[in-house]
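Text of protein.pdb, listed as PDB, C-alpha atoms, pLDDT in the B column:
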```pdb
ATOM      1  CA  MET A   1      56.310  75.442 143.551  1.00 91.00           C
ATOM      2  CA  ARG A   2      59.304  77.644 142.833  1.00 96.00           C
ATOM      3  CA  LYS A   3      59.366  80.353 140.187  1.00 97.00           C
ATOM      4  CA  LEU A   4      62.209  80.461 137.662  1.00 98.00           C
ATOM      5  CA  ILE A   5      63.461  83.919 136.673  1.00 97.00           C
ATOM      6  CA  VAL A   6      65.784  84.561 133.727  1.00 97.00           C
ATOM      7  CA  SER A   7      67.867  87.701 134.274  1.00 96.00           C
ATOM      8  CA  THR A   8      70.103  88.862 131.457  1.00 96.00           C
ATOM      9  CA  PHE A   9      71.779  91.791 129.727  1.00 97.00           C
ATOM     10  CA  LEU A  10      70.817  92.392 126.096  1.00 98.00           C
ATOM     11  CA  THR A  11      71.704  94.654 123.204  1.00 98.00           C
ATOM     12  CA  LEU A  12      68.907  96.385 121.294  1.00 97.00           C
ATOM     13  CA  ASP A  13      69.114  93.620 118.690  1.00 96.00           C
ATOM     14  CA  GLY A  14      68.771  90.932 121.333  1.00 96.00           C
ATOM     15  CA  VAL A  15      72.376  89.737 121.734  1.00 97.00           C
ATOM     16  CA  MET A  16      73.290  88.378 125.185  1.00 96.00           C
ATOM     17  CA  GLN A  17      76.768  87.047 124.424  1.00 95.00           C
ATOM     18  CA  ALA A  18      79.759  88.145 126.541  1.00 94.00           C
ATOM     19  CA  PRO A  19      78.414  91.386 128.043  1.00 95.00           C
ATOM     20  CA  GLY A  20      80.977  91.600 130.824  1.00 91.00           C
ATOM     21  CA  GLY A  21      84.366  91.435 129.147  1.00 91.00           C
ATOM     22  CA  PRO A  22      86.613  90.125 126.346  1.00 92.00           C
ATOM     23  CA  GLY A  23      87.160  86.377 126.489  1.00 86.00           C
ATOM     24  CA  GLU A  24      83.953  85.769 128.438  1.00 89.00           C
ATOM     25  CA  ASP A  25      82.480  83.969 125.442  1.00 90.00           C
ATOM     26  CA  ASP A  26      84.293  84.290 122.122  1.00 90.00           C
ATOM     27  CA  ASP A  27      82.432  81.508 120.309  1.00 92.00           C
ATOM     28  CA  HIS A  28      82.282  82.034 116.528  1.00 92.00           C
ATOM     29  CA  GLY A  29      84.941  84.743 116.810  1.00 94.00           C
ATOM     30  CA  PHE A  30      82.681  87.136 118.748  1.00 95.00           C
ATOM     31  CA  PRO A  31      84.727  90.389 118.946  1.00 95.00           C
ATOM     32  CA  TYR A  32      82.560  92.584 121.203  1.00 96.00           C
ATOM     33  CA  GLY A  33      83.055  91.104 124.674  1.00 95.00           C
ATOM     34  CA  GLY A  34      82.379  93.751 127.327  1.00 96.00           C
ATOM     35  CA  TRP A  35      79.832  95.715 125.290  1.00 97.00           C
ATOM     36  CA  MET A  36      77.759  96.687 128.365  1.00 96.00           C
ATOM     37  CA  VAL A  37      80.504  97.949 130.677  1.00 96.00           C
ATOM     38  CA  ASN A  38      80.511 101.633 129.720  1.00 96.00           C
ATOM     39  CA  TYR A  39      76.740 101.891 130.278  1.00 97.00           C
ATOM     40  CA  TRP A  40      76.761 100.537 133.845  1.00 96.00           C
ATOM     41  CA  ASP A  41      75.570 103.178 136.310  1.00 96.00           C
ATOM     42  CA  GLU A  42      74.018 103.406 139.783  1.00 95.00           C
ATOM     43  CA  GLN A  43      70.512 102.736 138.467  1.00 96.00           C
ATOM     44  CA  VAL A  44      71.591  99.572 136.694  1.00 96.00           C
ATOM     45  CA  ALA A  45      73.485  98.443 139.783  1.00 94.00           C
ATOM     46  CA  GLY A  46      70.423  99.198 141.910  1.00 94.00           C
ATOM     47  CA  ALA A  47      68.160  97.224 139.603  1.00 94.00           C
ATOM     48  CA  MET A  48      70.430  94.201 139.866  1.00 93.00           C
ATOM     49  CA  ALA A  49      70.594  94.583 143.650  1.00 91.00           C
ATOM     50  CA  GLU A  50      66.793  94.398 143.745  1.00 92.00           C
ATOM     51  CA  VAL A  51      66.856  91.218 141.669  1.00 91.00           C
ATOM     52  CA  MET A  52      69.314  89.660 144.124  1.00 89.00           C
ATOM     53  CA  ARG A  53      67.448  90.819 147.242  1.00 90.00           C
ATOM     54  CA  PRO A  54      64.917  87.947 147.644  1.00 91.00           C
ATOM     55  CA  PRO A  55      66.181  84.569 148.833  1.00 94.00           C
ATOM     56  CA  PHE A  56      67.240  82.637 145.731  1.00 97.00           C
ATOM     57  CA  ASP A  57      69.077  79.659 144.353  1.00 97.00           C
ATOM     58  CA  LEU A  58      70.906  79.694 141.025  1.00 97.00           C
ATOM     59  CA  VAL A  59      70.471  77.556 137.926  1.00 97.00           C
ATOM     60  CA  LEU A  60      73.499  77.983 135.672  1.00 96.00           C
ATOM     61  CA  GLY A  61      75.018  76.611 132.505  1.00 93.00           C
ATOM     62  CA  ARG A  62      78.559  75.328 132.769  1.00 92.00           C
ATOM     63  CA  ARG A  63      80.241  78.320 131.116  1.00 91.00           C
ATOM     64  CA  THR A  64      78.461  80.868 133.308  1.00 93.00           C
ATOM     65  CA  TYR A  65      79.190  78.753 136.378  1.00 94.00           C
ATOM     66  CA  ASP A  66      82.917  78.834 135.562  1.00 92.00           C
ATOM     67  CA  ILE A  67      82.812  82.623 135.048  1.00 91.00           C
ATOM     68  CA  PHE A  68      81.010  83.130 138.361  1.00 93.00           C
ATOM     69  CA  THR A  69      83.394  80.746 140.163  1.00 93.00           C
ATOM     70  CA  SER A  70      86.367  82.834 139.082  1.00 90.00           C
ATOM     71  CA  TYR A  71      84.897  85.901 140.821  1.00 90.00           C
ATOM     72  CA  TRP A  72      82.249  85.431 143.512  1.00 93.00           C
ATOM     73  CA  PRO A  73      84.057  83.103 145.966  1.00 92.00           C
ATOM     74  CA  HIS A  74      86.787  85.744 146.236  1.00 90.00           C
ATOM     75  CA  ALA A  75      84.570  88.848 146.249  1.00 90.00           C
ATOM     76  CA  SER A  76      83.711  90.898 149.329  1.00 88.00           C
ATOM     77  CA  ALA A  77      80.430  91.309 151.163  1.00 84.00           C
ATOM     78  CA  GLU A  78      80.333  94.908 149.886  1.00 81.00           C
ATOM     79  CA  ASP A  79      80.296  93.517 146.346  1.00 80.00           C
ATOM     80  CA  GLY A  80      77.260  91.388 147.183  1.00 81.00           C
ATOM     81  CA  ALA A  81      79.139  88.106 147.457  1.00 87.00           C
ATOM     82  CA  GLY A  82      77.200  86.805 150.453  1.00 90.00           C
ATOM     83  CA  PRO A  83      73.915  85.860 148.728  1.00 91.00           C
ATOM     84  CA  MET A  84      75.752  84.444 145.698  1.00 93.00           C
ATOM     85  CA  ASN A  85      78.010  82.253 147.810  1.00 93.00           C
ATOM     86  CA  ASP A  86      75.205  81.153 150.140  1.00 94.00           C
ATOM     87  CA  ALA A  87      72.809  80.198 147.330  1.00 95.00           C
ATOM     88  CA  THR A  88      72.654  76.629 146.110  1.00 97.00           C
ATOM     89  CA  LYS A  89      74.098  76.524 142.593  1.00 97.00           C
ATOM     90  CA  TYR A  90      72.430  73.965 140.308  1.00 97.00           C
ATOM     91  CA  VAL A  91      74.674  73.401 137.291  1.00 96.00           C
ATOM     92  CA  ALA A  92      73.605  71.994 133.919  1.00 94.00           C
ATOM     93  CA  SER A  93      76.484  70.356 132.067  1.00 89.00           C
ATOM     94  CA  ARG A  94      76.888  67.657 129.436  1.00 86.00           C
ATOM     95  CA  GLY A  95      79.965  66.421 131.305  1.00 84.00           C
ATOM     96  CA  ARG A  96      80.708  65.671 134.938  1.00 84.00           C
ATOM     97  CA  PRO A  97      82.746  68.684 136.054  1.00 85.00           C
ATOM     98  CA  THR A  98      84.290  69.128 139.472  1.00 85.00           C
ATOM     99  CA  LEU A  99      82.154  71.793 141.151  1.00 93.00           C
ATOM    100  CA  GLU A 100      84.414  73.553 143.635  1.00 90.00           C
ATOM    101  CA  TRP A 101      82.238  76.562 144.535  1.00 94.00           C
ATOM    102  CA  ARG A 102      80.479  75.709 147.785  1.00 93.00           C
ATOM    103  CA  ASN A 103      76.807  74.711 147.672  1.00 95.00           C
ATOM    104  CA  SER A 104      77.124  73.536 144.056  1.00 96.00           C
ATOM    105  CA  VAL A 105      75.051  70.620 142.747  1.00 96.00           C
ATOM    106  CA  LEU A 106      75.222  68.992 139.302  1.00 96.00           C
ATOM    107  CA  ILE A 107      71.860  68.559 137.554  1.00 95.00           C
ATOM    108  CA  GLU A 108      71.877  64.869 136.673  1.00 88.00           C
ATOM    109  CA  GLY A 109      70.497  63.715 133.314  1.00 89.00           C
ATOM    110  CA  ASP A 110      68.243  65.849 131.137  1.00 93.00           C
ATOM    111  CA  ALA A 111      68.504  69.548 132.029  1.00 94.00           C
ATOM    112  CA  ALA A 112      64.841  70.345 131.358  1.00 95.00           C
ATOM    113  CA  GLU A 113      63.634  67.458 133.490  1.00 96.00           C
ATOM    114  CA  GLY A 114      66.060  68.416 136.239  1.00 96.00           C
ATOM    115  CA  VAL A 115      64.926  72.036 136.305  1.00 97.00           C
ATOM    116  CA  LEU A 116      61.265  71.015 136.252  1.00 97.00           C
ATOM    117  CA  ALA A 117      61.921  68.837 139.307  1.00 96.00           C
ATOM    118  CA  LEU A 118      63.600  71.758 141.077  1.00 97.00           C
ATOM    119  CA  LYS A 119      60.623  74.002 140.337  1.00 97.00           C
ATOM    120  CA  GLN A 120      58.269  71.491 141.894  1.00 97.00           C
ATOM    121  CA  GLU A 121      60.171  71.526 145.188  1.00 95.00           C
ATOM    122  CA  ASP A 122      59.686  73.926 148.082  1.00 94.00           C
ATOM    123  CA  GLY A 123      62.346  76.589 148.390  1.00 95.00           C
ATOM    124  CA  PRO A 124      63.442  80.027 147.220  1.00 96.00           C
ATOM    125  CA  GLU A 125      63.048  81.274 143.669  1.00 97.00           C
ATOM    126  CA  LEU A 126      65.402  79.957 141.002  1.00 98.00           C
ATOM    127  CA  GLN A 127      67.450  82.573 139.154  1.00 97.00           C
ATOM    128  CA  VAL A 128      69.187  82.020 135.824  1.00 97.00           C
ATOM    129  CA  HIS A 129      71.908  84.510 134.872  1.00 95.00           C
ATOM    130  CA  GLY A 130      73.640  84.385 131.494  1.00 90.00           C
ATOM    131  CA  SER A 131      73.705  80.687 130.548  1.00 90.00           C
ATOM    132  CA  GLY A 132      72.568  81.269 126.962  1.00 89.00           C
ATOM    133  CA  ASN A 133      72.506  77.621 125.855  1.00 91.00           C
ATOM    134  CA  LEU A 134      70.641  76.528 128.971  1.00 94.00           C
ATOM    135  CA  VAL A 135      68.090  79.325 128.532  1.00 95.00           C
ATOM    136  CA  GLN A 136      67.227  78.038 125.056  1.00 94.00           C
ATOM    137  CA  THR A 137      66.366  74.678 126.611  1.00 94.00           C
ATOM    138  CA  LEU A 138      64.243  76.335 129.298  1.00 95.00           C
ATOM    139  CA  LEU A 139      62.371  78.367 126.679  1.00 95.00           C
ATOM    140  CA  ARG A 140      61.596  75.319 124.555  1.00 93.00           C
ATOM    141  CA  HIS A 141      60.059  73.593 127.569  1.00 94.00           C
ATOM    142  CA  HIS A 142      58.076  76.617 128.849  1.00 95.00           C
ATOM    143  CA  LEU A 143      59.940  76.640 132.171  1.00 97.00           C
ATOM    144  CA  VAL A 144      60.496  80.409 132.519  1.00 97.00           C
ATOM    145  CA  ASP A 145      58.088  82.258 134.832  1.00 97.00           C
ATOM    146  CA  ARG A 146      59.612  85.733 134.638  1.00 97.00           C
ATOM    147  CA  TYR A 147      62.198  87.678 132.640  1.00 97.00           C
ATOM    148  CA  HIS A 148      64.296  90.489 134.067  1.00 97.00           C
ATOM    149  CA  LEU A 149      65.848  92.138 130.992  1.00 97.00           C
ATOM    150  CA  LEU A 150      68.315  95.010 130.890  1.00 98.00           C
ATOM    151  CA  VAL A 151      68.490  96.289 127.318  1.00 98.00           C
ATOM    152  CA  PHE A 152      71.550  98.406 126.552  1.00 98.00           C
ATOM    153  CA  PRO A 153      71.679 101.042 123.777  1.00 98.00           C
ATOM    154  CA  VAL A 154      74.042  98.964 121.647  1.00 97.00           C
ATOM    155  CA  VAL A 155      73.544  97.195 118.298  1.00 98.00           C
ATOM    156  CA  LEU A 156      76.003  94.439 117.366  1.00 97.00           C
ATOM    157  CA  GLY A 157      74.447  92.636 114.418  1.00 95.00           C
ATOM    158  CA  ALA A 158      75.843  89.252 115.468  1.00 95.00           C
ATOM    159  CA  GLY A 159      76.096  87.060 118.521  1.00 95.00           C
ATOM    160  CA  LYS A 160      74.040  84.675 120.629  1.00 95.00           C
ATOM    161  CA  ARG A 161      70.518  85.967 121.186  1.00 95.00           C
ATOM    162  CA  LEU A 162      68.163  85.417 124.087  1.00 95.00           C
ATOM    163  CA  PHE A 163      65.186  84.762 121.809  1.00 94.00           C
ATOM    164  CA  ALA A 164      66.988  82.822 119.135  1.00 88.00           C
ATOM    165  CA  GLU A 165      65.564  81.500 115.879  1.00 86.00           C
ATOM    166  CA  GLY A 166      63.083  78.733 116.575  1.00 85.00           C
ATOM    167  CA  VAL A 167      61.898  80.073 119.926  1.00 88.00           C
ATOM    168  CA  VAL A 168      58.294  79.207 120.764  1.00 88.00           C
ATOM    169  CA  PRO A 169      56.104  82.264 119.940  1.00 92.00           C
ATOM    170  CA  GLY A 170      54.263  83.868 122.827  1.00 93.00           C
ATOM    171  CA  GLY A 171      53.190  87.149 124.389  1.00 95.00           C
ATOM    172  CA  LEU A 172      54.713  88.863 127.413  1.00 96.00           C
ATOM    173  CA  ARG A 173      53.169  91.100 130.065  1.00 97.00           C
ATOM    174  CA  LEU A 174      55.186  94.051 131.399  1.00 97.00           C
ATOM    175  CA  VAL A 175      55.353  93.988 135.209  1.00 97.00           C
ATOM    176  CA  HIS A 176      57.790  96.838 135.866  1.00 96.00           C
ATOM    177  CA  SER A 177      59.981  99.190 133.842  1.00 97.00           C
ATOM    178  CA  ALA A 178      62.563 101.931 134.276  1.00 97.00           C
ATOM    179  CA  VAL A 179      65.277 103.652 132.238  1.00 97.00           C
ATOM    180  CA  SER A 180      68.743 104.427 133.582  1.00 97.00           C
ATOM    181  CA  GLY A 181      70.636 107.647 132.984  1.00 96.00           C
ATOM    182  CA  THR A 182      72.809 105.875 130.401  1.00 97.00           C
ATOM    183  CA  GLY A 183      69.763 104.733 128.433  1.00 97.00           C
ATOM    184  CA  VAL A 184      69.516 101.171 129.711  1.00 98.00           C
ATOM    185  CA  MET A 185      65.894  99.981 129.543  1.00 98.00           C
ATOM    186  CA  ILE A 186      65.107  97.812 132.567  1.00 97.00           C
ATOM    187  CA  GLY A 187      62.014  95.664 132.195  1.00 97.00           C
ATOM    188  CA  THR A 188      60.416  92.796 134.065  1.00 97.00           C
ATOM    189  CA  TYR A 189      58.069  90.589 132.041  1.00 98.00           C
ATOM    190  CA  GLU A 190      55.952  87.499 132.560  1.00 97.00           C
ATOM    191  CA  PRO A 191      54.632  85.075 129.939  1.00 95.00           C
ATOM    192  CA  ALA A 192      51.138  86.064 128.780  1.00 95.00           C
ATOM    193  CA  GLY A 193      50.036  83.115 126.682  1.00 91.00           C
ATOM    194  CA  GLU A 194      49.701  82.621 122.958  1.00 91.00           C
ATOM    195  CA  ILE A 195      49.887  85.460 120.464  1.00 92.00           C
ATOM    196  CA  ILE A 196      46.438  86.535 119.310  1.00 88.00           C
ATOM    197  CA  PRO A 197      46.694  88.069 115.816  1.00 89.00           C
ATOM    198  CA  GLY A 198      44.594  91.119 114.985  1.00 89.00           C
ATOM    199  CA  SER A 199      44.060  93.598 112.196  1.00 88.00           C
ATOM    200  CA  PHE A 200      43.532  97.354 111.892  1.00 89.00           C
ATOM    201  CA  THR A 201      41.501  96.841 108.720  1.00 85.00           C
ATOM    202  CA  SER A 202      37.806  96.039 108.900  1.00 65.00           C
ATOM    203  CA  ALA A 203      36.334  93.014 107.224  1.00 57.00           C
TER     204      ALA A 203
END
```

Rewrite the structure from the file as structure tokens, please.
Amino acid sequence: MRKLIVSTFLTLDGVMQAPGGPGEDDDHGFPYGGWMVNYWDEQVAGAMAEVMRPPFDLVLGRRTYDIFTSYWPHASAEDGAGPMNDATKYVASRGRPTLEWRNSVLIEGDAAEGVLALKQEDGPELQVHGSGNLVQTLLRHHLVDRYHLLVFPVVLGAGKRLFAEGVVPGGLRLVHSAVSGTGVMIGTYEPAGEIIPGSFTSA
């Protein structure tokens, strides 16, 4: 059975929308596209290189797939294009888009059922990058095995959040952590079951 890992960039208030540049995702008039760029350093780059080191396939929402397609097929090996281009790209979409990036496969029918079927196959781990709408579906169906979160020292107050309203409550276990020189908190977490309430006051 394959593990599914969600890897994403977040602000301190949990926003994941359009980290890489203006126009990446301007839904609802989002004005802060590119909010992470000035905090990118060698440690952040190294952390992402480690994420991409194991053999992997990709599970992507349509918007993220289109963003990736505009860059990775034309990028160099020095930029890390090899693993991205070689991976099988499983794409969740409500339509039937033409998937021109090589090794791309449309997830037919219900996205949650399709991803569950992929997890039950033999093969490399499944990585989800960006893909905010798809991630909400995966969270609702308890399909995420690990989170790789890079939290940038930015507060936006608005935008699409990773753990949006209505997310299923649950605990997380920290597997690994580091902090970059620009203050980016890099954490790897795994689901740890239901929340067990407690109290500091005695009965």

Convert the output of the PyMOL selection byres ((chain A and resi 102) around 10) on the shown file into explicit residues, formatted as a PDB file with C-alpha atoms, in the frame of the given file.
```
ATOM      1  CA  THR A  69      83.394  80.746 140.163  1.00 93.00           C
ATOM      2  CA  PRO A  73      84.057  83.103 145.966  1.00 92.00           C
ATOM      3  CA  ASN A  85      78.010  82.253 147.810  1.00 93.00           C
ATOM      4  CA  ASP A  86      75.205  81.153 150.140  1.00 94.00           C
ATOM      5  CA  ALA A  87      72.809  80.198 147.330  1.00 95.00           C
ATOM      6  CA  THR A  88      72.654  76.629 146.110  1.00 97.00           C
ATOM      7  CA  LYS A  89      74.098  76.524 142.593  1.00 97.00           C
ATOM      8  CA  LEU A  99      82.154  71.793 141.151  1.00 93.00           C
ATOM      9  CA  GLU A 100      84.414  73.553 143.635  1.00 90.00           C
ATOM     10  CA  TRP A 101      82.238  76.562 144.535  1.00 94.00           C
ATOM     11  CA  ASN A 103      76.807  74.711 147.672  1.00 95.00           C
ATOM     12  CA  SER A 104      77.124  73.536 144.056  1.00 96.00           C
ATOM     13  CA  VAL A 105      75.051  70.620 142.747  1.00 96.00           C
TER      14      VAL A 105
END
```

Checklist outcome for this item: Judged by only C-alpha atoms, the minimum distance to Met16 of chain A among A:Gly46, A:Gly132, A:Pro97, A:Pro31 is found for A:Gly132

Next on the checklist: Which residue is closest to Glu42 of chain A? Choose from A:Ile196, A:Thr201, A:Gly181, A:Gly187 and count all atoms listed in the file.
Outcome noted: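 Result for the nearest residue to Glu42 of chain A: A:Gly181.
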
Item to check | Residues returned when the PyMOL selection byres ((chain A and resi 8) around 9) runs on this file, as a list in words | outcome: Val6, Ser7, Phe9, Leu10, Met16, Val128, His129, Gly130, Ser131, Tyr147, His148, Leu149, Leu150, Val151 and Leu162 of chain A

Which residues match the PyMOL selection byres ((chain A and resi 152) around 9) in the file above, as a compact mmCIF listing (two decimals) with C-alpha atoms, in the frame of the given file?
```txt
# COMPACT_ATOMS: atom_id res chain seq x y z
CA PHE A 9 71.78 91.79 129.73
CA LEU A 10 70.82 92.39 126.10
CA THR A 11 71.70 94.65 123.20
CA LEU A 12 68.91 96.38 121.29
CA TRP A 35 79.83 95.72 125.29
CA MET A 36 77.76 96.69 128.36
CA TYR A 39 76.74 101.89 130.28
CA LEU A 150 68.32 95.01 130.89
CA VAL A 151 68.49 96.29 127.32
CA PRO A 153 71.68 101.04 123.78
CA VAL A 154 74.04 98.96 121.65
CA VAL A 155 73.54 97.20 118.30
CA THR A 182 72.81 105.88 130.40
CA GLY A 183 69.76 104.73 128.43
CA VAL A 184 69.52 101.17 129.71
CA MET A 185 65.89 99.98 129.54
CA ILE A 186 65.11 97.81 132.57
```

Checklist entry - Quick one: of A:Asp57, A:Glu113, A:Glu194, A:Asp41, who's nearest to Ile5 of chain A, counting only C-alpha atoms? => result A:Asp57

Next on the checklist: Which residues are near Leu139 of chain A? Cut-off 9 Å, all atoms listed in the file, ignore same chain within fewer than 6 positions. Put them as number ranges by chain.
Outcome noted: A: 163, 167-168

Checklist entry - Could you work out how far atom CA of Leu172 of chain A lies from atom CA of Pro191 of chain A, giving the answer in Å with one decimal? => result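 Going from atom CA of Pro191 of chain A over to atom CA of Leu172 of chain A, I get 4.6 Å.
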
Item to check | A:Gly14, A:Gly109, A:Pro197, A:Pro169 ranked by distance to Gly157 of chain A, top pick (using only C-alpha atoms) | outcome: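 Among the listed residues, the smallest separation from Gly157 of chain A belongs to A:Gly14.
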
Item to check | Selected residue, from A:Ala45, A:Lys160, A:Ala18, A:Asn133, that lies nearest to Tyr32 of chain A when counting only C-alpha atoms | outcome: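 Closest candidate: A:Ala18.
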
Next on the checklist: Using all atoms listed in the file for the distances, tell me which of A:Glu108, A:Ala158, A:Leu174, A:Leu126 is nearest to Leu60 of chain A.
Outcome noted: A:Leu126

Checklist entry - To one decimal place, how far is atom CA of Asp145 of chain A from atom CA of Arg94 of chain A in Å? => result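 That distance, rounded to one decimal, is 24.4 Å.
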
Item to check | Interatomic distance (Å, one decimal) between atom CA of Phe56 of chain A and atom CA of Asn38 of chain A | outcome: 28.2 Å

Item to check | Exercise: Pro55 of chain A partners within 9 Å, all atoms listed in the file, chain neighbours under 6 positions left out, as a VMD selection string | outcome: chain A and resid 83 87 123 to 125
